[in-house]
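Chemist: Supplied structure: target.cif, mmCIF, C-alpha atoms and all ligand atoms.
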```
data_input
loop_
_atom_site.label_atom_id
_atom_site.label_comp_id
_atom_site.auth_asym_id
_atom_site.auth_seq_id
_atom_site.Cartn_x
_atom_site.Cartn_y
_atom_site.Cartn_z
CA MET Y 208 19.60 37.32 26.36
CA LYS Y 209 19.93 40.13 23.91
CA SER Y 210 20.23 39.27 20.26
CA MET Y 211 23.21 40.43 18.24
CA GLY Y 212 20.93 42.88 16.44
CA GLU Y 213 19.86 44.40 19.76
CA ILE Y 214 23.42 44.65 20.99
CA LYS Y 215 24.33 46.38 17.77
CA ALA Y 216 21.43 48.82 18.12
CA GLY Y 217 22.68 49.58 21.64
CA HIS Y 218 26.11 50.52 20.31
CA GLU Y 219 24.56 52.60 17.57
CA SER Y 220 22.51 54.71 19.95
CA ALA Y 221 25.43 54.99 22.39
CA CYS Y 222 27.49 56.26 19.48
CA ALA Y 223 24.87 58.91 18.70
CA GLU Y 224 24.77 59.97 22.37
CA PHE Y 225 28.55 60.36 22.54
CA VAL Y 226 28.54 62.38 19.33
CA LYS Y 227 25.98 64.71 20.90
CA ALA Y 228 28.20 65.03 23.94
CA ARG Y 229 31.16 65.64 21.61
CA ASP Y 230 33.01 62.72 23.13
CA TYR Y 231 34.36 61.51 19.82
CA ARG Y 232 36.73 58.97 21.27
CA ARG Y 233 33.93 57.02 22.91
CA ALA Y 234 31.69 57.58 19.91
CA ALA Y 235 34.37 56.06 17.68
CA GLU Y 236 34.64 53.05 19.96
CA GLU Y 237 30.88 52.54 19.85
CA ALA Y 238 30.87 52.81 16.07
CA ALA Y 239 33.64 50.21 15.88
CA ARG Y 240 31.63 47.91 18.14
CA ALA Y 241 28.54 48.35 15.99
CA ALA Y 242 30.71 47.42 13.00
CA ALA Y 243 31.99 44.30 14.76
CA CYS Y 244 28.38 43.27 15.47
CA GLY Y 245 27.50 43.91 11.83
CA PHE Y 246 30.29 41.62 10.67
CA ALA Y 247 29.18 38.98 13.14
CA LEU Y 248 25.65 39.19 11.75
CA ALA Y 249 26.99 38.89 8.22
CA GLU Y 250 28.81 35.76 9.23
CA ARG Y 251 25.70 34.10 10.58
CA THR Y 252 23.67 34.78 7.50
CA GLY Y 253 24.22 34.15 3.85
CA GLY Y 254 23.66 35.54 0.37
CA ALA Y 255 22.21 38.98 -0.10
CA VAL Y 256 21.44 39.40 3.60
CA ALA Y 257 25.07 38.83 4.50
CA GLY Y 258 26.05 41.34 1.83
CA ALA Y 259 23.74 43.94 3.35
CA HIS Y 260 25.14 43.34 6.85
CA THR Y 261 28.66 43.63 5.51
CA ARG Y 262 27.96 46.92 3.77
CA ASP Y 263 26.30 48.23 6.90
CA ALA Y 264 29.26 47.15 9.03
CA GLU Y 265 31.64 48.82 6.60
CA GLY Y 266 29.62 51.99 6.96
CA TRP Y 267 30.11 51.84 10.72
CA LEU Y 268 33.81 51.34 10.24
CA GLU Y 269 33.93 54.41 8.04
CA MET Y 270 32.04 56.27 10.74
CA ALA Y 271 34.47 55.06 13.39
CA TYR Y 272 37.31 56.36 11.28
CA GLU Y 273 35.66 59.73 10.77
CA LEU Y 274 35.02 60.11 14.47
CA ARG Y 275 38.54 59.10 15.29
CA GLY Y 276 39.79 61.81 12.93
CA ARG Y 277 37.49 64.35 14.48
CA GLN Y 278 38.75 63.45 17.88
CA SER Y 279 42.34 64.26 16.97
CA ALA Y 280 41.21 67.41 15.22
CA VAL Y 281 39.81 68.71 18.50
CA GLY Y 282 43.26 68.40 19.96
CA SER Y 283 43.16 65.19 21.87
CA ARG Y 284 46.53 63.79 22.86
CA GLN Y 285 45.84 60.65 20.93
CA SER Y 286 47.18 60.41 17.44
CA ALA Y 287 44.93 59.52 14.56
CA VAL Y 288 44.93 56.29 12.66
CA GLY Y 289 48.33 55.60 11.30
CA SER Y 290 51.73 54.12 11.85
CA LEU Y 291 50.45 50.69 11.05
CA GLY Y 292 52.53 48.23 9.18
CA THR Y 293 55.25 49.67 7.09
CA GLY Y 294 56.35 52.26 9.58
CA GLY Y 295 53.77 54.74 8.40
CA ARG Y 296 54.27 54.19 4.70
CA ALA Y 297 50.88 52.60 4.30
CA SER Y 298 48.16 55.09 3.74
CA PRO Y 299 45.66 54.58 6.54
CA ARG Y 300 42.60 54.96 4.35
CA ALA Y 301 43.86 53.15 1.31
CA GLY Y 302 42.01 49.98 2.26
CA GLY Y 303 38.84 51.96 2.61
CA GLN Y 304 37.82 50.00 5.65
CA SER Y 305 39.62 51.45 8.56
CA ALA Y 306 38.48 50.60 11.99
CA VAL Y 307 39.15 51.83 15.43
CA GLY Y 308 40.82 49.65 17.97
CA GLN Y 309 38.90 49.14 21.11
CA SER Y 310 40.38 49.46 24.49
CA GLU Y 311 38.46 47.49 27.03
CA GLU Y 312 39.45 49.77 29.85
CA GLY Y 313 37.49 52.47 28.10
CA GLY Y 314 40.38 54.84 28.62
CA ALA Y 315 42.45 54.59 25.49
CA ALA Y 316 45.87 55.70 26.52
CA GLU Y 317 48.17 57.77 24.43
CA GLY Y 318 49.72 55.84 21.59
CA ASP Y 319 46.88 53.43 21.10
CA GLU Y 320 47.24 54.04 17.41
CA TRP Y 321 48.85 50.67 17.01
CA LEU Y 322 45.70 49.05 18.31
CA VAL Y 323 43.94 50.35 15.24
CA ALA Y 324 42.95 47.72 12.76
CA GLU Y 325 42.62 48.28 9.07
CA THR Y 326 42.22 46.03 6.11
CA PRO Y 327 45.53 46.52 4.34
CA GLU Y 328 45.76 47.56 0.73
CA VAL Y 329 48.33 44.94 -0.28
CA SER Y 330 46.89 41.98 -2.17
CA PHE Y 331 48.25 38.72 -3.55
CA ASP Y 332 48.45 40.34 -6.96
CA ASP Y 333 51.32 42.40 -5.57
CA ILE Y 334 53.22 39.37 -4.36
CA ALA Y 335 55.54 37.31 -6.50
CA GLY Y 336 56.20 33.68 -5.58
CA MET Y 337 55.63 32.36 -2.04
CA ALA Y 338 53.49 29.55 -3.38
CA GLU Y 339 54.09 27.26 -0.42
CA ALA Y 340 53.18 29.88 2.17
CA LYS Y 341 50.15 30.89 0.18
CA GLU Y 342 48.88 27.35 -0.06
CA ALA Y 343 49.37 26.73 3.66
CA LEU Y 344 47.49 29.89 4.59
CA PHE Y 345 44.68 29.17 2.15
CA ASP Y 346 44.23 25.74 3.74
CA MET Y 347 44.29 27.21 7.21
CA ILE Y 348 42.03 30.19 6.90
CA VAL Y 349 40.93 31.26 3.46
CA HIS Y 350 39.19 28.04 2.37
CA PRO Y 351 37.55 27.33 5.75
CA MET Y 352 36.18 30.86 5.77
CA ARG Y 353 34.96 30.80 2.19
CA GLU Y 354 33.45 27.33 2.48
CA PRO Y 355 32.29 27.16 6.09
CA GLU Y 356 29.95 24.22 5.43
CA LYS Y 357 32.68 22.07 3.99
CA ALA Y 358 35.08 23.01 6.78
CA ARG Y 359 32.46 22.18 9.40
CA ALA Y 360 31.79 18.81 7.82
CA LEU Y 361 35.49 18.08 8.18
CA LYS Y 362 35.59 19.60 11.69
CA LEU Y 363 38.20 22.09 10.56
CA LYS Y 364 38.24 25.34 12.44
CA PRO Y 365 39.72 28.32 10.60
CA GLY Y 366 42.65 30.13 12.14
CA GLY Y 367 45.72 29.21 14.11
CA GLY Y 368 49.31 30.32 14.34
CA VAL Y 369 51.96 30.53 11.63
CA LEU Y 370 55.51 31.76 11.83
CA LEU Y 371 57.13 33.05 8.66
CA TYR Y 372 60.89 33.07 8.93
CA GLY Y 373 63.64 33.92 6.53
CA PRO Y 374 65.96 36.68 5.36
CA PRO Y 375 64.86 40.32 5.47
CA GLY Y 376 63.28 41.80 2.35
CA THR Y 377 61.62 38.60 1.14
CA GLY Y 378 58.06 39.86 1.53
CA LYS Y 379 57.02 38.43 4.90
CA THR Y 380 55.33 41.58 6.13
CA MET Y 381 53.70 42.09 2.77
CA PHE Y 382 52.40 38.54 2.84
CA GLY Y 383 50.73 39.07 6.23
CA LYS Y 384 48.88 42.05 4.88
CA ALA Y 385 47.76 40.25 1.75
CA ILE Y 386 46.24 37.46 3.84
CA ALA Y 387 44.28 39.95 5.93
CA ARG Y 388 42.97 41.53 2.77
CA GLU Y 389 42.09 38.19 1.24
CA ILE Y 390 39.77 37.33 4.13
CA ASP Y 391 38.68 40.94 4.54
CA ALA Y 392 39.69 40.96 8.15
CA PRO Y 393 41.00 43.76 10.31
CA PHE Y 394 44.74 43.63 10.60
CA PHE Y 395 46.27 44.12 14.02
CA TYR Y 396 49.94 44.80 13.79
CA ALA Y 397 52.75 45.12 16.25
CA SER Y 398 56.42 45.14 15.53
CA GLY Y 399 58.61 43.71 18.24
CA ALA Y 400 61.31 46.31 17.94
CA GLN Y 401 58.80 49.14 17.94
CA LEU Y 402 56.88 47.79 20.88
CA ARG Y 403 60.01 47.24 22.90
CA SER Y 404 61.70 50.54 22.23
CA LYS Y 405 58.66 52.74 22.45
CA TRP Y 406 56.90 51.13 25.34
CA HIS Y 407 59.75 49.79 27.33
CA GLY Y 408 58.52 48.71 30.74
CA GLU Y 409 54.92 48.36 29.71
CA SER Y 410 55.30 46.42 26.50
CA GLU Y 411 53.68 43.31 27.91
CA GLN Y 412 50.52 45.21 28.87
CA ARG Y 413 50.44 46.71 25.40
CA LEU Y 414 50.88 43.35 23.74
CA SER Y 415 48.21 41.93 25.99
CA ARG Y 416 45.76 44.63 24.97
CA LEU Y 417 46.54 44.12 21.34
CA ILE Y 418 45.82 40.41 21.61
CA ARG Y 419 42.57 41.05 23.44
CA ALA Y 420 41.49 43.67 20.92
CA ALA Y 421 42.13 41.24 18.06
CA ARG Y 422 40.21 38.52 19.85
CA SER Y 423 37.24 40.77 20.44
CA ARG Y 424 36.59 40.78 16.69
CA PRO Y 425 34.66 38.02 14.98
CA VAL Y 426 37.57 37.55 12.63
CA ALA Y 427 41.00 39.13 12.86
CA VAL Y 428 44.56 38.78 11.71
CA LEU Y 429 47.11 39.51 14.39
CA PHE Y 430 50.48 40.09 12.85
CA LEU Y 431 53.51 40.14 15.12
CA ASP Y 432 56.42 41.41 13.11
CA GLU Y 433 59.98 40.90 14.30
CA VAL Y 434 58.86 38.31 16.82
CA ASP Y 435 62.49 37.91 17.89
CA GLY Y 436 62.39 41.38 19.43
CA LEU Y 437 59.05 40.69 21.06
CA LEU Y 438 59.63 37.24 22.47
CA PRO Y 439 63.38 36.97 22.93
CA ARG Y 440 64.96 33.81 24.23
CA ARG Y 441 64.99 33.87 28.01
CA THR Y 442 68.35 33.05 29.46
CA GLY Y 443 69.91 33.29 32.88
CA GLY Y 444 70.81 36.87 32.09
CA SER Y 445 67.45 37.94 30.65
CA SER Y 446 65.84 41.04 31.96
CA VAL Y 447 62.71 40.87 34.06
CA VAL Y 448 60.88 42.55 31.19
CA ASP Y 449 61.86 39.79 28.75
CA ASN Y 450 60.64 37.14 31.12
CA ARG Y 451 57.38 38.93 31.75
CA ILE Y 452 56.57 39.55 28.13
CA VAL Y 453 57.14 35.95 27.05
CA THR Y 454 55.11 34.59 29.96
CA GLN Y 455 52.31 37.05 29.31
CA PHE Y 456 52.24 36.21 25.61
CA LEU Y 457 51.99 32.49 26.31
CA ALA Y 458 49.10 33.13 28.68
CA ASP Y 459 47.24 35.49 26.34
CA VAL Y 460 47.53 33.35 23.27
CA GLY Y 461 47.01 30.14 25.22
CA GLY Y 462 43.48 29.23 24.32
CA PHE Y 463 43.04 30.86 20.99
CA ARG Y 464 41.92 27.66 19.36
CA ASP Y 465 39.03 27.21 21.78
CA SER Y 466 37.71 30.68 21.22
CA GLU Y 467 34.53 31.32 19.26
CA ASN Y 468 36.23 34.01 17.26
CA ILE Y 469 38.50 33.34 14.35
CA LEU Y 470 42.04 34.49 14.92
CA LEU Y 471 44.95 34.07 12.60
CA LEU Y 472 48.15 34.66 14.49
CA LEU Y 473 50.97 35.42 12.09
CA GLY Y 474 54.51 35.97 13.16
CA ALA Y 475 57.48 37.04 11.07
CA THR Y 476 61.14 37.03 11.90
CA ASN Y 477 64.57 37.33 10.31
CA LYS Y 478 66.18 35.82 13.39
CA PRO Y 479 64.16 32.77 14.40
CA TRP Y 480 67.02 31.47 16.54
CA GLU Y 481 66.59 34.42 18.89
CA ILE Y 482 62.99 33.55 19.74
CA ASP Y 483 62.21 31.92 23.06
CA GLU Y 484 61.81 28.18 22.64
CA ALA Y 485 58.67 27.98 24.75
CA VAL Y 486 56.83 29.77 21.97
CA PHE Y 487 57.50 26.85 19.62
CA ARG Y 488 57.23 24.10 22.19
CA THR Y 489 53.78 25.11 23.29
CA GLY Y 490 52.38 25.29 19.80
CA ARG Y 491 51.48 28.95 19.54
CA PHE Y 492 52.98 28.87 16.10
CA ASP Y 493 51.82 25.50 14.85
CA GLU Y 494 53.10 26.05 11.36
CA LYS Y 495 56.54 27.31 10.51
CA ILE Y 496 57.13 28.38 6.96
CA HIS Y 497 60.51 29.27 5.58
CA ILE Y 498 60.41 32.21 3.19
CA GLY Y 499 63.55 32.11 1.10
CA LEU Y 500 64.94 34.11 -1.79
CA PRO Y 501 62.66 34.43 -4.81
CA ASP Y 502 63.06 31.60 -7.33
CA ALA Y 503 63.21 32.21 -11.08
CA ALA Y 504 59.44 32.34 -11.46
CA ALA Y 505 59.13 34.82 -8.61
CA ARG Y 506 61.93 36.99 -10.01
CA GLY Y 507 60.17 36.96 -13.36
CA GLY Y 508 56.97 37.99 -11.59
CA LEU Y 509 58.72 40.85 -9.83
CA LEU Y 510 60.27 42.12 -13.07
CA LYS Y 511 56.92 41.96 -14.82
CA MET Y 512 55.13 43.66 -11.97
CA HIS Y 513 57.54 46.54 -11.87
CA LEU Y 514 58.39 46.95 -15.54
CA ALA Y 515 55.10 46.15 -17.28
CA GLY Y 516 53.86 49.02 -19.38
CA LEU Y 517 57.09 51.01 -19.07
CA PRO Y 518 59.19 52.11 -22.04
CA LEU Y 519 61.86 49.42 -22.34
CA ASP Y 520 64.77 49.29 -24.73
CA ALA Y 521 64.66 46.32 -27.09
CA GLY Y 522 68.05 45.21 -25.75
CA LEU Y 523 66.58 44.51 -22.33
CA GLU Y 524 65.76 40.82 -22.26
CA MET Y 525 63.62 39.55 -19.43
CA GLU Y 526 65.03 36.01 -19.36
CA THR Y 527 68.54 37.38 -19.05
CA TRP Y 528 67.54 39.48 -16.07
CA VAL Y 529 65.59 36.74 -14.36
CA ALA Y 530 68.88 34.83 -14.34
CA ARG Y 531 71.08 37.79 -13.47
CA LEU Y 532 69.02 38.61 -10.39
CA GLU Y 533 69.48 35.25 -8.75
CA GLY Y 534 70.56 35.63 -5.14
CA TYR Y 535 68.76 38.94 -4.65
CA THR Y 536 65.76 39.41 -2.38
CA GLY Y 537 62.44 40.83 -3.55
CA SER Y 538 63.28 44.04 -1.81
CA ASP Y 539 66.70 44.23 -3.57
CA ILE Y 540 65.07 43.65 -6.95
CA VAL Y 541 62.48 46.37 -6.39
CA GLY Y 542 65.33 48.72 -5.40
CA ILE Y 543 67.38 47.84 -8.48
CA ILE Y 544 64.47 48.49 -10.82
CA HIS Y 545 63.77 51.77 -9.09
CA ASP Y 546 67.38 52.87 -9.53
CA ALA Y 547 67.29 51.94 -13.20
CA LYS Y 548 64.14 53.98 -13.71
CA ARG Y 549 65.73 57.01 -12.17
CA ALA Y 550 68.81 56.61 -14.35
CA ALA Y 551 66.59 56.46 -17.45
CA LEU Y 552 64.82 59.64 -16.42
CA ARG Y 553 68.10 61.40 -15.72
CA ARG Y 554 69.40 60.49 -19.17
CA SER Y 555 66.25 61.59 -20.91
CA VAL Y 556 66.30 64.94 -19.11
CA ARG Y 557 69.93 65.42 -20.08
CA THR Y 558 69.53 64.48 -23.74
CA GLY Y 559 66.00 65.73 -24.26
CA GLY Y 560 65.02 62.31 -25.66
CA ASP Y 561 62.17 60.01 -24.63
CA PRO Y 562 62.73 58.11 -21.38
CA LEU Y 563 63.72 54.51 -22.04
CA ILE Y 564 65.00 51.90 -19.61
CA GLU Y 565 68.07 50.18 -21.01
CA ALA Y 566 69.87 47.03 -19.89
CA GLY Y 567 72.78 49.30 -18.96
CA ASP Y 568 70.60 51.06 -16.36
CA LEU Y 569 69.92 47.77 -14.60
CA GLU Y 570 73.58 46.85 -14.98
CA GLN Y 571 74.61 50.07 -13.27
CA ALA Y 572 72.06 49.59 -10.49
CA LEU Y 573 73.37 46.08 -9.82
CA LYS Y 574 76.81 47.56 -9.20
CA THR Y 575 75.53 49.92 -6.54
CA ILE Y 576 73.09 47.55 -4.83
CA PRO Y 577 74.79 44.43 -3.50
CA ALA Y 578 72.71 41.37 -2.66
CA SER Y 579 71.55 41.93 0.90
CA VAL Y 580 71.63 38.25 1.82
CA THR Y 581 74.87 36.28 1.86
CA GLU Y 582 75.49 32.56 1.42
CA SER Y 583 76.41 32.22 5.06
CA MET Y 584 73.15 33.85 6.13
CA LEU Y 585 71.21 31.39 3.98
CA ALA Y 586 73.14 28.52 5.52
CA GLN Y 587 72.17 29.79 8.96
CA TYR Y 588 68.44 29.58 8.12
CA GLU Y 589 68.91 26.11 6.71
CA ARG Y 590 70.72 24.98 9.86
CA PHE Y 591 67.98 26.40 12.00
CA ARG Y 592 65.29 24.67 9.97
CA ARG Y 593 67.00 21.31 10.24
CA GLN Y 594 67.77 21.60 13.93
CA ARG Y 595 64.45 22.92 15.12
CA PHE Y 596 61.75 21.90 12.72
CA GLY Y 597 63.66 19.11 10.92
N1 LIG Y 601 57.78 38.23 -3.06
C1 LIG Y 601 57.68 39.54 -3.25
N2 LIG Y 601 56.77 40.04 -4.15
C2 LIG Y 601 56.67 41.35 -4.35
N3 LIG Y 601 57.39 42.29 -3.70
C3 LIG Y 601 58.29 41.88 -2.80
C4 LIG Y 601 58.49 40.49 -2.52
N4 LIG Y 601 59.44 40.36 -1.58
C5 LIG Y 601 59.83 41.61 -1.28
N5 LIG Y 601 59.15 42.54 -2.02
C6 LIG Y 601 59.35 43.99 -1.95
O1 LIG Y 601 60.19 44.26 -0.86
C7 LIG Y 601 59.57 45.11 0.09
C8 LIG Y 601 59.91 44.66 1.50
O2 LIG Y 601 59.26 43.45 1.77
P1 LIG Y 601 58.82 43.06 3.25
O3 LIG Y 601 57.50 42.43 3.18
O4 LIG Y 601 58.96 44.21 4.16
O5 LIG Y 601 59.95 41.97 3.59
P2 LIG Y 601 60.25 41.27 4.98
O6 LIG Y 601 59.10 41.50 5.88
O7 LIG Y 601 60.44 39.84 4.61
O8 LIG Y 601 61.51 41.89 5.47
C9 LIG Y 601 58.10 45.03 -0.22
O9 LIG Y 601 57.45 46.23 0.12
C10 LIG Y 601 58.09 44.77 -1.72
O10 LIG Y 601 58.21 45.97 -2.44
MG MG Y 602 59.20 42.67 7.59
#
```
Could the structure of this file be written out as structure tokens, please?
Ligand SMILES: Nc1ncnc2c1ncn2[C@@H]1O[C@H](COP(=O)(O)OP(=O)(O)O)[C@@H](O)[C@H]1O
Ligand SMILES: [Mg+2]
Modeler:
Amino acid sequence: MKSMGEIKAGHESACAEFVKARDYRRAAEEAARAAACGFALAERTGGAVAGAHTRDAEGWLEMAYELRGRQSAVGSRQSAVGSLGTGGRASPRAGGQSAVGQSEEGGAAEGDEWLVAETPEVSFDDIAGMAEAKEALFDMIVHPMREPEKARALKLKPGGGVLLYGPPGTGKTMFGKAIAREIDAPFFYASGAQLRSKWHGESEQRLSRLIRAARSRPVAVLFLDEVDGLLPRRTGGSSVVDNRIVTQFLADVGGFRDSENILLLLGATNKPWEIDEAVFRTGRFDEKIHIGLPDAAARGGLLKMHLAGLPLDAGLEMETWVARLEGYTGSDIVGIIHDAKRAALRRSVRTGGDPLIEAGDLEQALKTIPASVTESMLAQYERFRRQRFG
């Protein structure tokens, strides 16, 4: 049997051959495979040796990215790395460790860009609150990966499935990215709505490939956003597509605990009640974590994060605003602060004075941005939690 080092060397020379032949797509795939081998080697070793393997693997990832870019530059129909996560808002290179998704068929079809994995740039420093979710995820994957010996002694295998559910704008997507960054793993992302609308009719094959691509890595985070759109409740009137996609998902994810590789399956949804029950019943999402509105500490964190170092009027008291912003989501609060900043700039341009954010600017922003989550919506999540996960 070939050793991992030999397999890696094979991918490296195949990569060089494909570059010579100007087949950059295949070259990129080989580079990504060499990187995956490098990470696997790093995992098996320790100390400085592991560090060297990791740096080498990162180099191959960089190479994969370069080749991927070159491939689109020569006018291939495939699009370059992008459109991951926040609908294209995330800068593909920001993480510095972009990778290329592998398609086992060898023929990466058009639109495979969502198979691309990258280590996201969002970290826990950017996230306010969510202590419970953070603790659960640290227990599940971060600690077992950082302290493999201890985890082995306790027969704890890292990875598993977690569903984050709660109102929109509470940081669920952001949280998924921060976890991937924390364990330095490639982040495979698919949004249910996107997958369904863009690939109608073949969404289950696409999902299947995404799952396989994530599982081909030594360690990966597979984030399924808007799970409700991906795995909708099957009813008598469900479409054939809905039935197929749920069945396929259950089959693909079936044995992820037995696999050698470490996979963290993360799901997020604003509408957990629309998800097919089989997904819960069969334990694909073992943990369910409710992400609610930010509490006082989290609101304080958000204000600090977004106002620290800015010119603030002395009349703007943080404690007052922590209280005033109760009932708003993280996303609302970020929007309100942004509006206030713009108002301050507008005033300073008009008067010629120094820009200064005043309490009145926040006050004004509050009037134009209503809380996006209502009491009755919150009650709905609570009902769901009690009924289903009680
Ligand atoms: N807990 C939080 N900490 C920091 N920023 C947050 C938080 N919750 C929401 N935000 C802000 O709101 C935006 C949207 O959050 P997102 O993760 O997309 O929410 P969700 O996936 O729950 O709908 C984020 O990009 C961030 O700016
Ligand atoms: Mg989201």
Chemist: Give as a PyMOL selection string the residues surrounding ligand LIG 601 (chain Y) up to a distance of 10 Å, considering only C-alpha atoms and all ligand atoms.
Modeler: chain Y and resi 292-293+296+329+331-338+371-384+432-433+475-477+498-502+505-506+508-510+512-513+535-542
Chemist: Within 12 Å of (25.9, 57.4, 20.8) (coordinates as in the file), grab all the protein and nucleic acid residues, counting all atoms listed in the file, and write them out as a ChimeraX atom specification.
Modeler: /Y:215-241,270-271,274
Chemist: Mind pulling up the distance from atom CA of Y:Ser583 to atom CA of Y:Leu569?
Modeler: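 A separation of 25.9 Å between them.
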Chemist: My list of candidates is Y:Arg488, Y:Lys548, Y:Ala566, Y:Leu363. Which is closest to Y:Met525 when distances are computed with only C-alpha atoms?
Modeler: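 Looking at the shortest contact to Y:Met525, the residue is Y:Ala566.
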Chemist: Taking into account only C-alpha atoms and all ligand atoms, which residue in the set Y:Gly474, Y:Pro393, Y:Pro439, Y:Gly567 is nearest to ligand MG 602 (chain Y)?
Modeler: Y:Gly474
Chemist: Which distance in Å separates atom CA of Y:Ile390 and atom CA of Y:His350, to one decimal?
Modeler: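 Atom-to-atom, atom CA of Y:Ile390 and atom CA of Y:His350 are spaced 9.5 Å apart.
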Chemist: Nearest to ligand MG 602 (chain Y) among Y:Arg553, Y:Lys478, Y:Arg277, Y:Arg441, with distances taken over all atoms listed in the file: which residue is it?
Modeler: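 Comparing Y:Arg553, Y:Lys478, Y:Arg277, Y:Arg441 against ligand MG 602 (chain Y), the winner is Y:Lys478.
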Chemist: In Å, rounded to a single decimal, give me how far atom CA of Y:Ala586 is from atom CA of Y:Leu573.
Modeler: 23.3 Å
Chemist: Find the residue from Y:Ala397, Y:Ile544, Y:Ala578, Y:Ala247 that sits nearest to ligand MG 602 (chain Y); use all atoms listed in the file when measuring.
Modeler: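 Of the candidates, the smallest distance to ligand MG 602 (chain Y) is held by Y:Ala397.
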Chemist: Could you pull the residues within 12 Å of Y:Pro355, counting all atoms listed in the file, minus those fewer than 3 positions along the same chain, as a PyMOL selection string?
Modeler: chain Y and resi 250-253+348-352+358-365
Chemist: For each of Y:Ala485, Y:Leu517, Y:Met584, Y:Leu473, take the minimum atom-to-atom distance to ligand MG 602 (chain Y), counting only C-alpha atoms and all ligand atoms, then give the residue where this is smallest.
Modeler: Y:Leu473
Chemist: Looking at Y:His260, Y:Thr527, Y:Leu519, Y:Gln594, which one is nearest to Y:Leu563, with distances taken over only C-alpha atoms?
Modeler: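 Using only C-alpha atoms, the shortest distance to Y:Leu563 belongs to Y:Leu519.
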Chemist: Tell me, as a PyMOL selection string, which residues lie within 12 Å of Y:Ala550, counting only C-alpha atoms; anything in the same chain fewer than 3 positions away does not count.
Modeler: chain Y and resi 543-547+553-557+562-572
Chemist: For stretch 335-350 of chain Y, I'd like the enclosing box, axis-aligned and padded by 5 Å on every side, reported as JSON with centre and edge lengths in Å to one decimal.
Modeler:
```
{"center_x": 47.7, "center_y": 31.5, "center_z": 0.4, "size_x": 27.0, "size_y": 21.6, "size_z": 23.7}
```
Chemist: For Y:Ala249, please output as a ChimeraX atom specification all residues within 12 Å (counting all atoms listed in the file; exclusion window: fewer than 6 positions along the same chain).
Modeler: /Y:211-212,242-243,255-265,425-426
Chemist: So that I can check the surroundings of stretch 490-494 of chain Y, please list as a list in words every protein, DNA and RNA residue that reaches within 8 Å of it, counting all atoms listed in the file and ignoring chain neighbours fewer than 5 positions away.
Modeler: Gly367, Gly368, Val369, Leu370, Leu457, Val460, Gly461, Leu472, Leu473 and Gly474 of chain Y
Chemist: Complete the atom set of stretch 500-511 of chain Y to N, CA and C atoms and return it as a JSON list (two decimals), in the frame of the given file.
Modeler:
```
[["chain", "number", "residue", "atom", "x", "y", "z"],
["Y", 500, "LEU", "N", 64.76, 33.17, -0.69],
["Y", 500, "LEU", "CA", 64.94, 34.11, -1.79],
["Y", 500, "LEU", "C", 63.98, 33.75, -2.92],
["Y", 501, "PRO", "N", 63.58, 34.74, -3.72],
["Y", 501, "PRO", "CA", 62.66, 34.43, -4.81],
["Y", 501, "PRO", "C", 63.30, 33.50, -5.84],
["Y", 502, "ASP", "N", 62.55, 32.49, -6.28],
["Y", 502, "ASP", "CA", 63.06, 31.60, -7.33],
["Y", 502, "ASP", "C", 62.87, 32.28, -8.68],
["Y", 503, "ALA", "N", 63.24, 31.58, -9.75],
["Y", 503, "ALA", "CA", 63.21, 32.21, -11.08],
["Y", 503, "ALA", "C", 61.81, 32.73, -11.43],
["Y", 504, "ALA", "N", 60.80, 31.91, -11.13],
["Y", 504, "ALA", "CA", 59.44, 32.34, -11.46],
["Y", 504, "ALA", "C", 59.06, 33.61, -10.69],
["Y", 505, "ALA", "N", 59.46, 33.66, -9.42],
["Y", 505, "ALA", "CA", 59.13, 34.82, -8.61],
["Y", 505, "ALA", "C", 59.90, 36.06, -9.09],
["Y", 506, "ARG", "N", 61.15, 35.85, -9.49],
["Y", 506, "ARG", "CA", 61.93, 36.99, -10.01],
["Y", 506, "ARG", "C", 61.31, 37.50, -11.31],
["Y", 507, "GLY", "N", 60.85, 36.57, -12.13],
["Y", 507, "GLY", "CA", 60.17, 36.96, -13.36],
["Y", 507, "GLY", "C", 58.91, 37.76, -13.03],
["Y", 508, "GLY", "N", 58.19, 37.30, -12.03],
["Y", 508, "GLY", "CA", 56.97, 37.99, -11.59],
["Y", 508, "GLY", "C", 57.27, 39.40, -11.11],
["Y", 509, "LEU", "N", 58.34, 39.54, -10.34],
["Y", 509, "LEU", "CA", 58.72, 40.85, -9.83],
["Y", 509, "LEU", "C", 59.09, 41.80, -10.97],
["Y", 510, "LEU", "N", 59.85, 41.28, -11.94],
["Y", 510, "LEU", "CA", 60.27, 42.12, -13.07],
["Y", 510, "LEU", "C", 59.03, 42.57, -13.86],
["Y", 511, "LYS", "N", 58.13, 41.63, -14.07],
["Y", 511, "LYS", "CA", 56.92, 41.96, -14.82],
["Y", 511, "LYS", "C", 56.10, 43.00, -14.09]]
```
